[in-house]
file start_26.cif (mmCIF, C-alpha atoms and all ligand atoms)
data_run
#
loop_
_atom_site.label_atom_id
_atom_site.label_comp_id
_atom_site.auth_asym_id
_atom_site.auth_seq_id
_atom_site.Cartn_x
_atom_site.Cartn_y
_atom_site.Cartn_z
CA MET A 46 -35.42 22.85 -4.68
CA SER A 47 -35.83 19.51 -3.05
CA SER A 48 -33.05 18.54 -0.75
CA LYS A 49 -32.22 14.94 -1.21
CA SER A 50 -30.76 13.40 1.88
CA GLY A 51 -29.57 10.26 0.18
CA HIS A 52 -26.19 8.82 0.99
CA PRO A 53 -23.32 9.66 -1.33
CA PRO A 54 -22.13 6.78 -3.49
CA VAL A 55 -19.91 4.38 -1.60
CA GLY A 56 -16.35 5.59 -1.73
CA GLY A 57 -17.39 8.88 -3.39
CA GLN A 58 -14.56 11.14 -2.26
CA ALA A 59 -12.96 8.67 0.07
CA PHE A 60 -9.27 7.80 0.04
CA PHE A 61 -7.02 5.03 1.19
CA THR A 62 -3.23 4.85 1.06
CA SER A 63 -1.22 2.52 -1.17
CA VAL A 64 2.41 1.97 -0.09
CA GLY A 65 4.65 -0.26 -2.19
CA CYS A 66 6.59 -0.82 -5.39
CA MET A 67 6.51 1.63 -8.31
CA ASP A 68 5.74 -1.19 -10.79
CA GLY A 69 2.81 -0.02 -12.97
CA ARG A 70 1.39 -3.50 -13.32
CA VAL A 71 0.39 -3.74 -9.67
CA GLN A 72 -1.21 -0.32 -9.13
CA LYS A 73 -4.60 -1.26 -10.60
CA PRO A 74 -5.07 -4.54 -8.72
CA VAL A 75 -3.99 -2.81 -5.49
CA ALA A 76 -6.43 0.05 -6.18
CA GLU A 77 -9.26 -2.44 -6.71
CA PHE A 78 -8.31 -4.33 -3.54
CA GLY A 79 -8.27 -1.11 -1.49
CA ARG A 80 -11.61 -0.01 -2.90
CA SER A 81 -13.36 -3.13 -1.72
CA LYS A 82 -11.35 -3.41 1.51
CA PHE A 83 -11.93 0.15 2.69
CA GLY A 84 -14.91 1.26 0.58
CA ALA A 85 -12.72 4.10 -0.68
CA GLU A 86 -12.41 5.08 -4.33
CA TYR A 87 -9.04 6.80 -4.51
CA PRO A 88 -5.62 5.47 -3.57
CA ASP A 89 -3.00 7.98 -2.49
CA THR A 90 -0.10 6.13 -4.06
CA ILE A 91 3.34 6.18 -2.43
CA THR A 92 6.01 4.20 -4.25
CA GLU A 93 9.69 3.37 -4.58
CA ALA A 94 11.35 0.61 -6.56
CA GLY A 95 11.11 -2.42 -4.27
CA LEU A 96 9.93 -0.30 -1.33
CA VAL A 97 9.30 -3.11 1.17
CA GLY A 98 12.85 -4.42 0.64
CA LEU A 99 14.22 -0.99 1.57
CA LEU A 100 11.97 -0.68 4.64
CA ALA A 101 12.82 -4.17 5.88
CA LEU A 102 16.56 -3.46 6.01
CA ARG A 103 18.07 -3.50 9.50
CA ASN A 104 18.85 0.20 9.14
CA PRO A 105 16.45 1.75 6.64
CA GLU A 106 17.51 5.09 5.15
CA GLN A 107 16.37 7.88 7.45
CA SER A 108 15.51 10.07 4.46
CA LEU A 109 13.28 7.35 3.05
CA LEU A 110 11.47 6.96 6.38
CA SER A 111 10.86 10.68 6.79
CA SER A 112 9.66 11.04 3.20
CA LEU A 113 7.29 8.12 3.68
CA GLU A 114 6.04 9.45 7.00
CA LYS A 115 5.39 12.87 5.50
CA LYS A 116 3.36 11.48 2.59
CA ILE A 117 1.31 9.05 4.69
CA ASN A 118 0.66 11.87 7.12
CA ILE A 119 -0.81 14.04 4.34
CA SER A 120 -2.97 11.13 3.18
CA ILE A 121 -4.32 10.62 6.69
CA GLN A 122 -4.65 14.26 7.77
CA ARG A 123 -5.85 15.87 4.54
CA HIS A 124 -7.62 12.98 2.83
CA ASN A 125 -8.87 11.15 5.91
CA SER A 126 -7.40 7.94 4.54
CA ARG A 127 -9.43 4.94 5.63
CA GLY A 128 -6.50 2.55 5.73
CA ILE A 129 -3.09 1.64 4.33
CA VAL A 130 -2.27 -1.21 1.95
CA VAL A 131 1.39 -2.24 2.10
CA HIS A 132 2.32 -4.25 -0.97
CA GLY A 133 5.07 -6.22 -2.62
CA HIS A 134 4.75 -8.29 -5.76
CA GLU A 135 5.93 -11.22 -7.81
CA ASP A 136 8.36 -10.59 -10.68
CA CYS A 137 9.75 -7.46 -9.00
CA ALA A 138 12.68 -5.94 -10.89
CA ALA A 139 14.04 -4.46 -7.65
CA SER A 140 13.84 -7.70 -5.65
CA ASP A 141 15.25 -10.25 -8.10
CA ALA A 142 17.44 -12.01 -5.58
CA VAL A 143 14.75 -12.31 -2.93
CA SER A 144 12.73 -15.51 -2.43
CA GLU A 145 8.95 -15.28 -2.25
CA LYS A 146 9.04 -16.21 1.45
CA GLN A 147 11.58 -13.48 2.18
CA HIS A 148 9.61 -10.99 0.12
CA GLU A 149 6.50 -11.78 2.18
CA ARG A 150 8.49 -11.35 5.39
CA ASP A 151 9.69 -7.96 4.10
CA ILE A 152 6.08 -6.92 3.41
CA LEU A 153 5.01 -7.96 6.91
CA LYS A 154 7.97 -6.19 8.49
CA SER A 155 7.23 -3.01 6.52
CA ALA A 156 3.59 -3.16 7.60
CA GLU A 157 4.68 -3.48 11.26
CA LEU A 158 6.96 -0.46 10.86
CA ILE A 159 4.14 1.63 9.39
CA LYS A 160 1.78 0.49 12.17
CA LEU A 161 4.29 1.79 14.69
CA MET A 162 4.50 5.12 12.84
CA PHE A 163 0.71 5.42 12.55
CA PRO A 164 -1.05 3.59 15.35
CA GLY A 165 -4.83 3.67 15.11
CA ILE A 166 -5.15 3.24 11.35
CA SER A 167 -5.74 -0.10 9.67
CA VAL A 168 -2.59 -1.40 7.90
CA VAL A 169 -3.06 -4.35 5.53
CA PRO A 170 -0.05 -6.25 4.11
CA VAL A 171 -0.58 -7.88 0.72
CA PHE A 172 1.39 -9.79 -1.89
CA VAL A 173 0.46 -9.25 -5.55
CA LYS A 174 0.83 -12.44 -7.58
CA ARG A 175 1.24 -12.83 -11.29
CA LYS A 176 -0.77 -15.33 -13.30
CA GLY A 177 0.16 -14.72 -16.91
CA GLU A 178 -0.97 -11.17 -17.57
CA ALA A 179 -3.39 -11.17 -14.65
CA TRP A 180 -2.42 -9.97 -11.18
CA THR A 181 -4.16 -11.03 -8.01
CA VAL A 182 -3.89 -9.54 -4.53
CA GLU A 183 -3.34 -11.91 -1.64
CA GLU A 184 -3.77 -10.64 1.92
CA LEU A 185 -0.91 -11.78 4.17
ZN ZN B 201 8.59 -4.16 -7.97
#

call {"tool": "encode", "arguments": {"input": "start_26.cif", "output": "C-alpha cells", "more": "lines below"}}
Ligand SMILES: [Zn+2]
result
Amino acid sequence: MSSKSGHPPVGGQAFFTSVGCMDGRVQKPVAEFGRSKFGAEYPDTITEAGLVGLLALRNPEQSLLSSLEKKINISIQRHNSRGIVVHGHEDCAASDAVSEKQHERDILKSAELIKLMFPGISVVPVFVKRKGEAWTVEEL
C-alpha cells in the first residue's frame, strides 16, 4: 500500500458556525459565504426566528443566551469550528417593523455579544440581501 501524504480537500471535515434567523432562504447563501470565508465545508446552524433582534434587546432572555452558548460551545469544542457567521436578512418575517439600519445595528450588537462570550474565535457579522429570488451576503 502506498501512503499518500497529500493534503485533504479544502474544508473536508471542517466546520464553521452559522448563527441567525431560521428563514430557509438564507441558509444556503450563508453556508456558501462561510465556506469561502473559513475554508470550512459544514455549517453548524443555530437559528431562531429573528435571532439578532432577540439578542440585541436590552435584556435578552437568559434561557436564549444559555441555549445559544451551549450550542456554540459544542460547535467550537467538538467540531473545532473555524469561525462564527452572525446573520440577519432582508424581508425577515420576524423583524417586519425594523428598518434596515436598525437591523444592521442588531446584527453588529449580536456579533459583539457573541465575541464577548467566545473571545479568540473569529466572529463575522453579515446582512443577507434579497435581489428577486437571489440572495447575497454582505459583510458588515
Ligand atoms: Zn428572518

call {"tool": "closest_residue", "arguments": {"input": "start_26.cif", "among": "A:Ala179, A:Leu185, A:Val169, A:Ile119", "to": "A:Lys146", "atoms": "all atoms listed in the file"}}
result
A:Leu185

call {"tool": "residues_near_ligand", "arguments": {"input": "start_26.cif", "ligand": "ligand ZN 201 (chain B)", "cutoff": "6 Å", "atoms": "only C-alpha atoms and all ligand atoms", "output": "number ranges by chain"}}
result
A: 66, 68, 94-95, 137-139

call {"tool": "closest_residue", "arguments": {"input": "start_26.cif", "among": "A:Thr92, A:Ser108, A:Ser155, A:Ser167", "to": "A:Gly79", "atoms": "all atoms listed in the file"}}
result
A:Ser167

call {"tool": "residues_around", "arguments": {"input": "start_26.cif", "residues": "A:Phe83", "least_positions_apart": "2", "cutoff": "8 Å", "atoms": "all atoms listed in the file", "output": "number ranges by chain"}}
result
A: 61, 79-81, 85, 127-128

call {"tool": "closest_residue", "arguments": {"input": "start_26.cif", "among": "A:Gln107, A:Ala76, A:Lys115, A:Gly98", "to": "A:Ser144", "atoms": "only C-alpha atoms"}}
result
A:Gly98

call {"tool": "axis_aligned_box", "arguments": {"input": "start_26.cif", "around": "stretch 77-83 of chain A", "padding_each_side": "5 Å", "output": "lines of an AutoDock Vina configuration file"}}
result
center_x = -10.8
center_y = -2.1
center_z = -2.0
size_x = 15.1
size_y = 14.5
size_z = 19.4

call {"tool": "residues_around", "arguments": {"input": "start_26.cif", "residues": "A:Leu153", "least_positions_apart": "3", "cutoff": "8 Å", "atoms": "all atoms listed in the file", "output": "list of chain:residue names"}}
result
A:Glu149, A:Arg150, A:Ala156, A:Glu157, A:Pro170, A:Leu185

call {"tool": "closest_residue", "arguments": {"input": "start_26.cif", "among": "A:Glu77, A:Leu113, A:Gln122, A:Gln72", "to": "A:Ile166", "atoms": "all atoms listed in the file"}}
result
A:Gln122

call {"tool": "closest_residue", "arguments": {"input": "start_26.cif", "among": "A:Met67, A:Val143, A:Ile121, A:Leu158", "to": "A:Thr90", "atoms": "only C-alpha atoms"}}
result
A:Met67

call {"tool": "atom_distance", "arguments": {"input": "start_26.cif", "atom1": "atom CA of A:Trp180", "atom2": "atom CA of A:Ser126"}}
result
24.3 Å

call {"tool": "closest_residue", "arguments": {"input": "start_26.cif", "among": "A:Asp141, A:Ile152, A:Gln147, A:Lys73", "to": "A:Val168", "atoms": "all atoms listed in the file"}}
result
A:Ile152

call {"tool": "atom_distance", "arguments": {"input": "start_26.cif", "atom1": "atom CA of A:Ile117", "atom2": "atom CA of A:Ala59"}}
result
15.0 Å

call {"tool": "atom_distance", "arguments": {"input": "start_26.cif", "atom1": "atom CA of A:Gly133", "atom2": "atom CA of A:Phe172"}}
result
5.2 Å

call {"tool": "build_atoms", "arguments": {"input": "start_26.cif", "residues": "stretch 111-122 of chain A", "atoms": "all heavy atoms", "output": "mmCIF file, keeping the file's coordinate frame"}}
result
data_model
loop_
_atom_site.group_PDB
_atom_site.id
_atom_site.type_symbol
_atom_site.label_atom_id
_atom_site.label_comp_id
_atom_site.auth_asym_id
_atom_site.auth_seq_id
_atom_site.Cartn_x
_atom_site.Cartn_y
_atom_site.Cartn_z
ATOM 1 N N SER A 111 11.522 9.391 6.563
ATOM 2 C CA SER A 111 10.860 10.680 6.790
ATOM 3 C C SER A 111 10.008 11.086 5.593
ATOM 4 O O SER A 111 8.934 11.674 5.763
ATOM 5 C CB SER A 111 11.844 11.782 7.203
ATOM 6 O OG SER A 111 12.954 11.768 6.375
ATOM 7 N N SER A 112 10.453 10.745 4.392
ATOM 8 C CA SER A 112 9.660 11.040 3.200
ATOM 9 C C SER A 112 8.349 10.245 3.221
ATOM 10 O O SER A 112 7.263 10.776 2.954
ATOM 11 C CB SER A 112 10.485 10.696 1.959
ATOM 12 O OG SER A 112 9.662 10.503 0.845
ATOM 13 N N LEU A 113 8.461 8.980 3.583
ATOM 14 C CA LEU A 113 7.290 8.120 3.680
ATOM 15 C C LEU A 113 6.311 8.626 4.735
ATOM 16 O O LEU A 113 5.101 8.723 4.499
ATOM 17 C CB LEU A 113 7.761 6.706 4.035
ATOM 18 C CG LEU A 113 6.731 5.595 4.045
ATOM 19 C CD1 LEU A 113 6.269 5.302 2.631
ATOM 20 C CD2 LEU A 113 7.319 4.334 4.681
ATOM 21 N N GLU A 114 6.863 8.978 5.891
ATOM 22 C CA GLU A 114 6.040 9.450 7.000
ATOM 23 C C GLU A 114 5.287 10.722 6.612
ATOM 24 O O GLU A 114 4.098 10.868 6.898
ATOM 25 C CB GLU A 114 6.929 9.698 8.225
ATOM 26 C CG GLU A 114 6.140 10.017 9.476
ATOM 27 C CD GLU A 114 7.004 9.978 10.727
ATOM 28 O OE1 GLU A 114 8.252 10.040 10.597
ATOM 29 O OE2 GLU A 114 6.428 9.884 11.830
ATOM 30 N N LYS A 115 5.987 11.606 5.917
ATOM 31 C CA LYS A 115 5.390 12.870 5.500
ATOM 32 C C LYS A 115 4.216 12.635 4.541
ATOM 33 O O LYS A 115 3.143 13.221 4.691
ATOM 34 C CB LYS A 115 6.470 13.713 4.810
ATOM 35 C CG LYS A 115 6.081 15.121 4.481
ATOM 36 C CD LYS A 115 7.284 15.859 3.911
ATOM 37 C CE LYS A 115 6.846 17.048 3.074
ATOM 38 N NZ LYS A 115 7.976 17.600 2.306
ATOM 39 N N LYS A 116 4.416 11.730 3.577
ATOM 40 C CA LYS A 116 3.360 11.480 2.590
ATOM 41 C C LYS A 116 2.159 10.769 3.204
ATOM 42 O O LYS A 116 1.008 11.113 2.917
ATOM 43 C CB LYS A 116 3.925 10.656 1.429
ATOM 44 C CG LYS A 116 4.920 11.419 0.578
ATOM 45 C CD LYS A 116 5.625 10.478 -0.393
ATOM 46 C CE LYS A 116 6.770 11.189 -1.099
ATOM 47 N NZ LYS A 116 7.591 10.240 -1.882
ATOM 48 N N ILE A 117 2.427 9.764 4.041
ATOM 49 C CA ILE A 117 1.310 9.050 4.690
ATOM 50 C C ILE A 117 0.536 10.012 5.576
ATOM 51 O O ILE A 117 -0.693 9.977 5.651
ATOM 52 C CB ILE A 117 1.811 7.831 5.491
ATOM 53 C CG1 ILE A 117 2.444 6.792 4.558
ATOM 54 C CG2 ILE A 117 0.667 7.193 6.269
ATOM 55 C CD1 ILE A 117 3.055 5.595 5.276
ATOM 56 N N ASN A 118 1.282 10.893 6.244
ATOM 57 C CA ASN A 118 0.660 11.870 7.120
ATOM 58 C C ASN A 118 -0.316 12.778 6.357
ATOM 59 O O ASN A 118 -1.424 13.052 6.830
ATOM 60 C CB ASN A 118 1.741 12.710 7.790
ATOM 61 C CG ASN A 118 1.311 13.192 9.143
ATOM 62 O OD1 ASN A 118 0.558 12.524 9.842
ATOM 63 N ND2 ASN A 118 1.760 14.372 9.499
ATOM 64 N N ILE A 119 0.074 13.209 5.172
ATOM 65 C CA ILE A 119 -0.810 14.040 4.340
ATOM 66 C C ILE A 119 -2.054 13.252 3.945
ATOM 67 O O ILE A 119 -3.189 13.747 4.002
ATOM 68 C CB ILE A 119 -0.067 14.547 3.078
ATOM 69 C CG1 ILE A 119 1.004 15.566 3.477
ATOM 70 C CG2 ILE A 119 -1.049 15.159 2.076
ATOM 71 C CD1 ILE A 119 1.955 15.950 2.359
ATOM 72 N N SER A 120 -1.851 11.990 3.580
ATOM 73 C CA SER A 120 -2.970 11.130 3.180
ATOM 74 C C SER A 120 -3.971 10.969 4.322
ATOM 75 O O SER A 120 -5.184 11.000 4.103
ATOM 76 C CB SER A 120 -2.410 9.775 2.734
ATOM 77 O OG SER A 120 -3.421 8.941 2.241
ATOM 78 N N ILE A 121 -3.444 10.813 5.530
ATOM 79 C CA ILE A 121 -4.320 10.620 6.690
ATOM 80 C C ILE A 121 -4.968 11.942 7.120
ATOM 81 O O ILE A 121 -6.183 12.015 7.314
ATOM 82 C CB ILE A 121 -3.534 9.999 7.871
ATOM 83 C CG1 ILE A 121 -3.101 8.574 7.522
ATOM 84 C CG2 ILE A 121 -4.377 10.003 9.151
ATOM 85 C CD1 ILE A 121 -2.167 7.934 8.540
ATOM 86 N N GLN A 122 -4.149 12.984 7.238
ATOM 87 C CA GLN A 122 -4.650 14.260 7.770
ATOM 88 C C GLN A 122 -5.542 14.993 6.774
ATOM 89 O O GLN A 122 -6.573 15.527 7.151
ATOM 90 C CB GLN A 122 -3.470 15.182 8.148
ATOM 91 C CG GLN A 122 -2.562 14.642 9.240
ATOM 92 C CD GLN A 122 -3.286 14.407 10.552
ATOM 93 O OE1 GLN A 122 -4.222 15.117 10.908
ATOM 94 N NE2 GLN A 122 -2.877 13.361 11.270
#
